[in-house]
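Novice: Just dropping this structure here.
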Amino acid sequence: MRIARFLAIVLTLLVILTALVWVFRLPLAGWAARTAMASAGLEAPQARVTALTFDGVRLVNVAAGPKAARGFSFDVVEVDYDWRRLWRERAIDAVRAGPGALRVRVGEDGDFSIPGLPSGGGSGGNRSLPFDSVSLSEVAMVVDAPQGGATGRVNATYDIQSGGEASIDLSSDEIVWNNFLFQNVKSAAQLDLAADGAMSLSLTYEGDAETDMIAARRVFFTATGDAGSWRDVVTGGAELLSGAVRVAFSAPEIDLRDEDLLSLTSAAQMQTVFGEKLQNAAFAGIADVAFEGGAFQIRLADEGGPLALTTPEGASLTLTPQGSAPFYARAGGRETSSFQFALVSDGADAKGAADLEREGGFWRVAAPIEIDAFVSSALSLDGSRIDIEAQSNGSEIIADIGLKSGLRKATIGRLTINDAPFNGAFRVTADLNAQRAQVVSKSDCFNIERGRGRLEGQDLDVRLSEITLCNAEGPLAVYTWTGDTACTVSGEIAARDGSVRFGKTVARGRPPVVRFDAAYHPARKHTIIKGGVVNGAMTINDAVEMSGVIGEFDFELDAQGMQADAAVNRLRIAQHQGPENRLLMIAPVMASGEAKLEGAETRFSYALTTPEGYRLGAGEGVHHMKTASGETVLTLENLAFSPVGLQPNRISPALKGIVNAADGSLDGEVRLSWAPSEFISTAELSLDNISFAGPTQAVTRTHGVSGTVQLTDLFPVTTNGFQTINVASVDMDALQLGAGDITFELPGDETLGISNAAFPWFGGELVVSDATAGFSGEALIPLQAHNVDLEQVFEFFDVEGLSGEGILSGDLPLIFEGGRARIENGFIRSQGPGVIRYVGQAAEQASAAGENAKVAFDFLRDLRFSEMEVTINGALDGEIKFGMRFEGVGDVTVRNRNVKDVPVLYRINLAVENIDLIRQANISEVIKSRIQMELSDEE
């Protein structure tokens, strides 16, 4: 219409100029016409006047534009006018042109122009047409494009009173416009103008359309409708036009391509929507367009089916009306859109609605979405709901998003998250100018019921339950897309229970609370995480418990691998006893140190203390995550024991009740190595003058233990064959052992094997050989007494007037049971002759008790025995029974006559409640009472 108006104005000017030179000849009129065309900006104008009257003019060969490709050309142009009206109103009555040709050029930017015509194509505006009637007949149309072109034909008649009609048809084998490739195009348009002002439009298009991302075959488009009044348009009142048009379209063959992943129509994005990889689809729908007084409205037609995108596999995305609201409406600078949608495919089952509004640079959207199921290569959901409310002033966007997610799978770079349903409410704010968006949790924290995570290429698997993720001091997440796209996440995450598996290394239990700041650069496949950890309680490979951690870490993951650094301020480490409640061999310790992870290898150094703060030692080691193997060396540095300080049972609870009240010191080195199917522990310990109560309650105290012990296993404790240590003394109440050496072994079956032990005892020695004792405290120790000096025995008991000489040997089976020690069936006999002498107060008192008693004590003054036997039975901390038998000769006084070398046999049984009675010099009374009892029995 603008082109027609422009041509009419140009022709009017031609007519005016031609009329001015009417008095001249026709060539001058032609020259005037060409001059007027050139003044209007037409390139290389051409026109020749063949007839000129006061009622009209006839021109032939009217053309303009480059001579090789004229912008327009008409064989004949005839103009009817009234010269008075022409002069006053600058208007003509009728224009008839044709046959002719019109050439349209399509620029690289998609703009249309006519060669040889000035840019803009006319004066524009809403001015009335400067003619009452126009007719174009058999005007050929050529469209030139950077690639390809089109041809067509235009016919039009118009009369201000009776109306008219116009038709155009266009076809093309191939033409490119705005990066769209159109092929096999056939299009036609028909416009009818009725005398009463009504007008009707019919438009059809069929052909193929293609871009880098999508190719649509056999596209068919129709538009039919009515409007009125067309007279408002031709008189400059186009804004008053009203009408309705029905648009129907279909594209039964759509090929989706992968080239541009950022395009909403690429196969990759369609896979994100449909949950399955799409290559082919069809699109069809019917819409009713209504306009009136500058307002514009589109409604989805009720009949003919919904607006739908479908696939050969049966997947579909359909749009339907939402109540009575239009699909799209524009009025008074305000735009709205409202619709419902449903998505169904093998990978998706979702439905929802959307309400959109835009006015004055401000827009708002609300969209509730129900997702029954969704499955794609990157995301898998079921039972989810998303509620979106967003608004924007153009450059800033604020969105409130409520999520109830049945997340089954999500892939973010190399991280895959599985089975992580959660509920949460979030606010997203975005600054499009700064190219930055941030996310915060509206309730500060939100809950994730459970979740599993796996890191591709690292053999790393994490499982958590009852997870809480909270905002940090700033936003939970920030996303920027300025150059190097990046996403940062900051917050605090905690879980009630979980497990972490790296290769064959598995940790289970309550994970520590993690405060973190993470940055992810997808283009570089680079992730950095910094943060701290607090508390937690986890078991490593069902062997070691770690809890109460306080520390910091740096983590980095790139295309080459993974590395991390950690500094631990505090960590409680304990032996895992398991459901079978294994014997606790190592007490909990507190650790601090550093660790460095490179690839799948962790190197660490540490210092150990007891929970009370007593320093134990320091060490370093390495752990191979994928094979769950590693080793460490712990150096024990001058462990000083004291009754009010560090005790051995604070290192090994297995010693509780066995070794108590220790003093002395210990140095050594402990080596541990591990793998999934084995655990090797060795140690070399140097004991320096260690004294303690025990072992077990049966031993009052052991003094001055020194020596070096090599252990080939700590679980259970096993020595490297037989070891020899030195003991200063052993106090077992009634049994006192002096300094001696013990050669022993721990075979690893929770027993102590004694190969040889020797202690000095009353001039001889007590010897143990080939004995076994259990850690439970029950044992049979076969003590053997060798060459005991009877004189030293009596000196030890220190009974007034009691002395003797002789050598004794025998067996003292020592039984430990129930925390007590006893001698059972002990037997000692003399090695050759000896003598016993007793001249104490009991002998003097016996002289007055009777003749027999006097004789008995006379023998004891100098009893020269040829054989002496003693049986011993009883607890060392209770009653001990002695059965004594003496056979020999002695001197007695009978009726004041001294008799020499009288044979004598003594049997004396003593039951001493506490061995201290002997040391209290009461033995004389005991012996006296026993002799009197024996004499009474003989009488």
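A note on labels: chains of the structure tokens are A, B, ... as shown, every chain counts residues from 1, and ligands are counted from 1 in their shown order.
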Write out as a ChimeraX atom specification which residues come within 9 Å of A:Ala94 when counting only C-alpha atoms, dropping same-chain ones fewer than 5 positions away.
Specialist: /A:78-81,131-135,159
Novice: Can those selected residues be exported to a file as a short mmCIF file (atom, residue, chain, number, x, y, z; two decimals), in the first residue's frame so that it contains C-alpha atoms?
Specialist:
```cif
data_model
loop_
_atom_site.label_atom_id
_atom_site.label_comp_id
_atom_site.auth_asym_id
_atom_site.auth_seq_id
_atom_site.Cartn_x
_atom_site.Cartn_y
_atom_site.Cartn_z
CA GLU A 78 -3.06 6.31 -17.86
CA VAL A 79 -4.26 9.00 -15.46
CA ASP A 80 -7.70 10.63 -15.38
CA TYR A 81 -8.17 13.91 -13.55
CA PHE A 131 -6.65 9.22 -6.02
CA ASP A 132 -10.19 7.82 -6.09
CA SER A 133 -9.50 4.82 -8.24
CA VAL A 134 -6.50 2.71 -9.14
CA SER A 135 -5.98 -0.34 -11.29
CA ASP A 159 -12.53 2.53 -6.28
#
```
Novice: Which residues, written as a list of chain:residue names, have at least one atom at most 8 Å from A:Gly402, with only C-alpha atoms counted and residues fewer than 2 positions away on the same chain left out?
Specialist: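 Final neighbour list, sorted by chain and number: A:Arg385, A:Ile386, A:Asp387, A:Ile388, A:Asp400, A:Lys404, A:Asn423, A:Gly424, A:Ala425, A:Phe426.
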Novice: Restricted to all heavy atoms, what would the selected residues look like written as a tab-separated table (two decimals), in the first residue's frame?
Specialist:
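Generated output (part-v7.tsv):
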```tsv
chain	number	residue	atom	x	y	z
A	385	ARG	N	6.23	-30.83	41.77
A	385	ARG	CA	5.43	-29.64	41.50
A	385	ARG	C	6.33	-28.41	41.57
A	385	ARG	O	7.16	-28.30	42.48
A	385	ARG	CB	4.27	-29.50	42.49
A	385	ARG	CG	3.42	-28.25	42.23
A	385	ARG	CD	2.31	-28.09	43.23
A	385	ARG	NE	1.60	-26.84	43.04
A	385	ARG	CZ	0.53	-26.66	42.28
A	385	ARG	NH1	0.04	-27.70	41.61
A	385	ARG	NH2	-0.06	-25.48	42.16
A	386	ILE	N	6.13	-27.51	40.61
A	386	ILE	CA	6.89	-26.26	40.57
A	386	ILE	C	5.89	-25.11	40.50
A	386	ILE	O	5.02	-25.09	39.62
A	386	ILE	CB	7.84	-26.21	39.35
A	386	ILE	CG1	8.76	-27.44	39.33
A	386	ILE	CG2	8.65	-24.93	39.37
A	386	ILE	CD1	9.62	-27.52	38.08
A	387	ASP	N	5.98	-24.17	41.41
A	387	ASP	CA	5.17	-22.97	41.40
A	387	ASP	C	6.09	-21.77	41.17
A	387	ASP	O	6.97	-21.51	41.99
A	387	ASP	CB	4.40	-22.81	42.71
A	387	ASP	CG	3.32	-23.87	42.86
A	387	ASP	OD1	2.30	-23.76	42.18
A	387	ASP	OD2	3.52	-24.81	43.66
A	388	ILE	N	5.85	-21.07	40.07
A	388	ILE	CA	6.72	-19.95	39.68
A	388	ILE	C	5.90	-18.66	39.68
A	388	ILE	O	4.82	-18.60	39.07
A	388	ILE	CB	7.33	-20.18	38.29
A	388	ILE	CG1	8.12	-21.48	38.26
A	388	ILE	CG2	8.22	-19.00	37.90
A	388	ILE	CD1	8.62	-21.85	36.87
A	400	ASP	N	9.95	-16.00	42.57
A	400	ASP	CA	9.74	-16.88	43.72
A	400	ASP	C	9.34	-18.25	43.18
A	400	ASP	O	8.35	-18.37	42.43
A	400	ASP	CB	8.66	-16.33	44.65
A	400	ASP	CG	9.10	-15.06	45.34
A	400	ASP	OD1	10.29	-15.00	45.74
A	400	ASP	OD2	8.29	-14.14	45.48
A	404	LYS	N	8.52	-28.91	44.91
A	404	LYS	CA	8.33	-30.19	45.56
A	404	LYS	C	8.83	-31.22	44.56
A	404	LYS	O	8.15	-31.55	43.60
A	404	LYS	CB	6.87	-30.45	45.91
A	404	LYS	CG	6.65	-31.82	46.54
A	404	LYS	CD	5.17	-32.09	46.76
A	404	LYS	CE	4.97	-33.50	47.32
A	404	LYS	NZ	3.54	-33.83	47.47
A	423	ASN	N	11.78	-30.62	49.26
A	423	ASN	CA	10.83	-29.51	49.25
A	423	ASN	C	11.58	-28.24	49.57
A	423	ASN	O	12.45	-28.25	50.45
A	423	ASN	CB	9.71	-29.72	50.28
A	423	ASN	CG	8.86	-30.93	49.96
A	423	ASN	OD1	8.43	-31.10	48.83
A	423	ASN	ND2	8.62	-31.78	50.95
A	424	GLY	N	11.22	-27.16	48.91
A	424	GLY	CA	11.89	-25.91	49.22
A	424	GLY	C	11.22	-24.74	48.52
A	424	GLY	O	10.46	-24.91	47.56
A	425	ALA	N	11.47	-23.56	49.05
A	425	ALA	CA	10.99	-22.32	48.44
A	425	ALA	C	12.19	-21.40	48.24
A	425	ALA	O	12.98	-21.19	49.17
A	425	ALA	CB	9.94	-21.66	49.33
A	426	PHE	N	12.32	-20.86	47.05
A	426	PHE	CA	13.52	-20.10	46.69
A	426	PHE	C	13.13	-18.77	46.05
A	426	PHE	O	12.07	-18.65	45.43
A	426	PHE	CB	14.39	-20.90	45.72
A	426	PHE	CG	14.72	-22.28	46.20
A	426	PHE	CD1	13.91	-23.36	45.88
A	426	PHE	CD2	15.84	-22.50	46.98
A	426	PHE	CE1	14.20	-24.63	46.32
A	426	PHE	CE2	16.14	-23.77	47.43
A	426	PHE	CZ	15.32	-24.83	47.10
```
Novice: Give the answer as one residue: which of A:Ala69, A:Ile872, A:Ala618, A:Val344 has the shortest atom-to-atom distance to A:Asp667, using only C-alpha atoms?
Specialist: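 The closest residue to A:Asp667 is A:Ala618.
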Novice: At what distance in Å, to one decimal, does atom CA of A:Ser137 lie from atom CA of A:Ala101?
Specialist: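 Computing it gives 10.1 Å between the two atoms.
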Novice: If you measure from atom CA of A:Met884 to atom CA of A:Asp731, what distance in Å do you get, rounded to one decimal?
Specialist: 24.9 Å
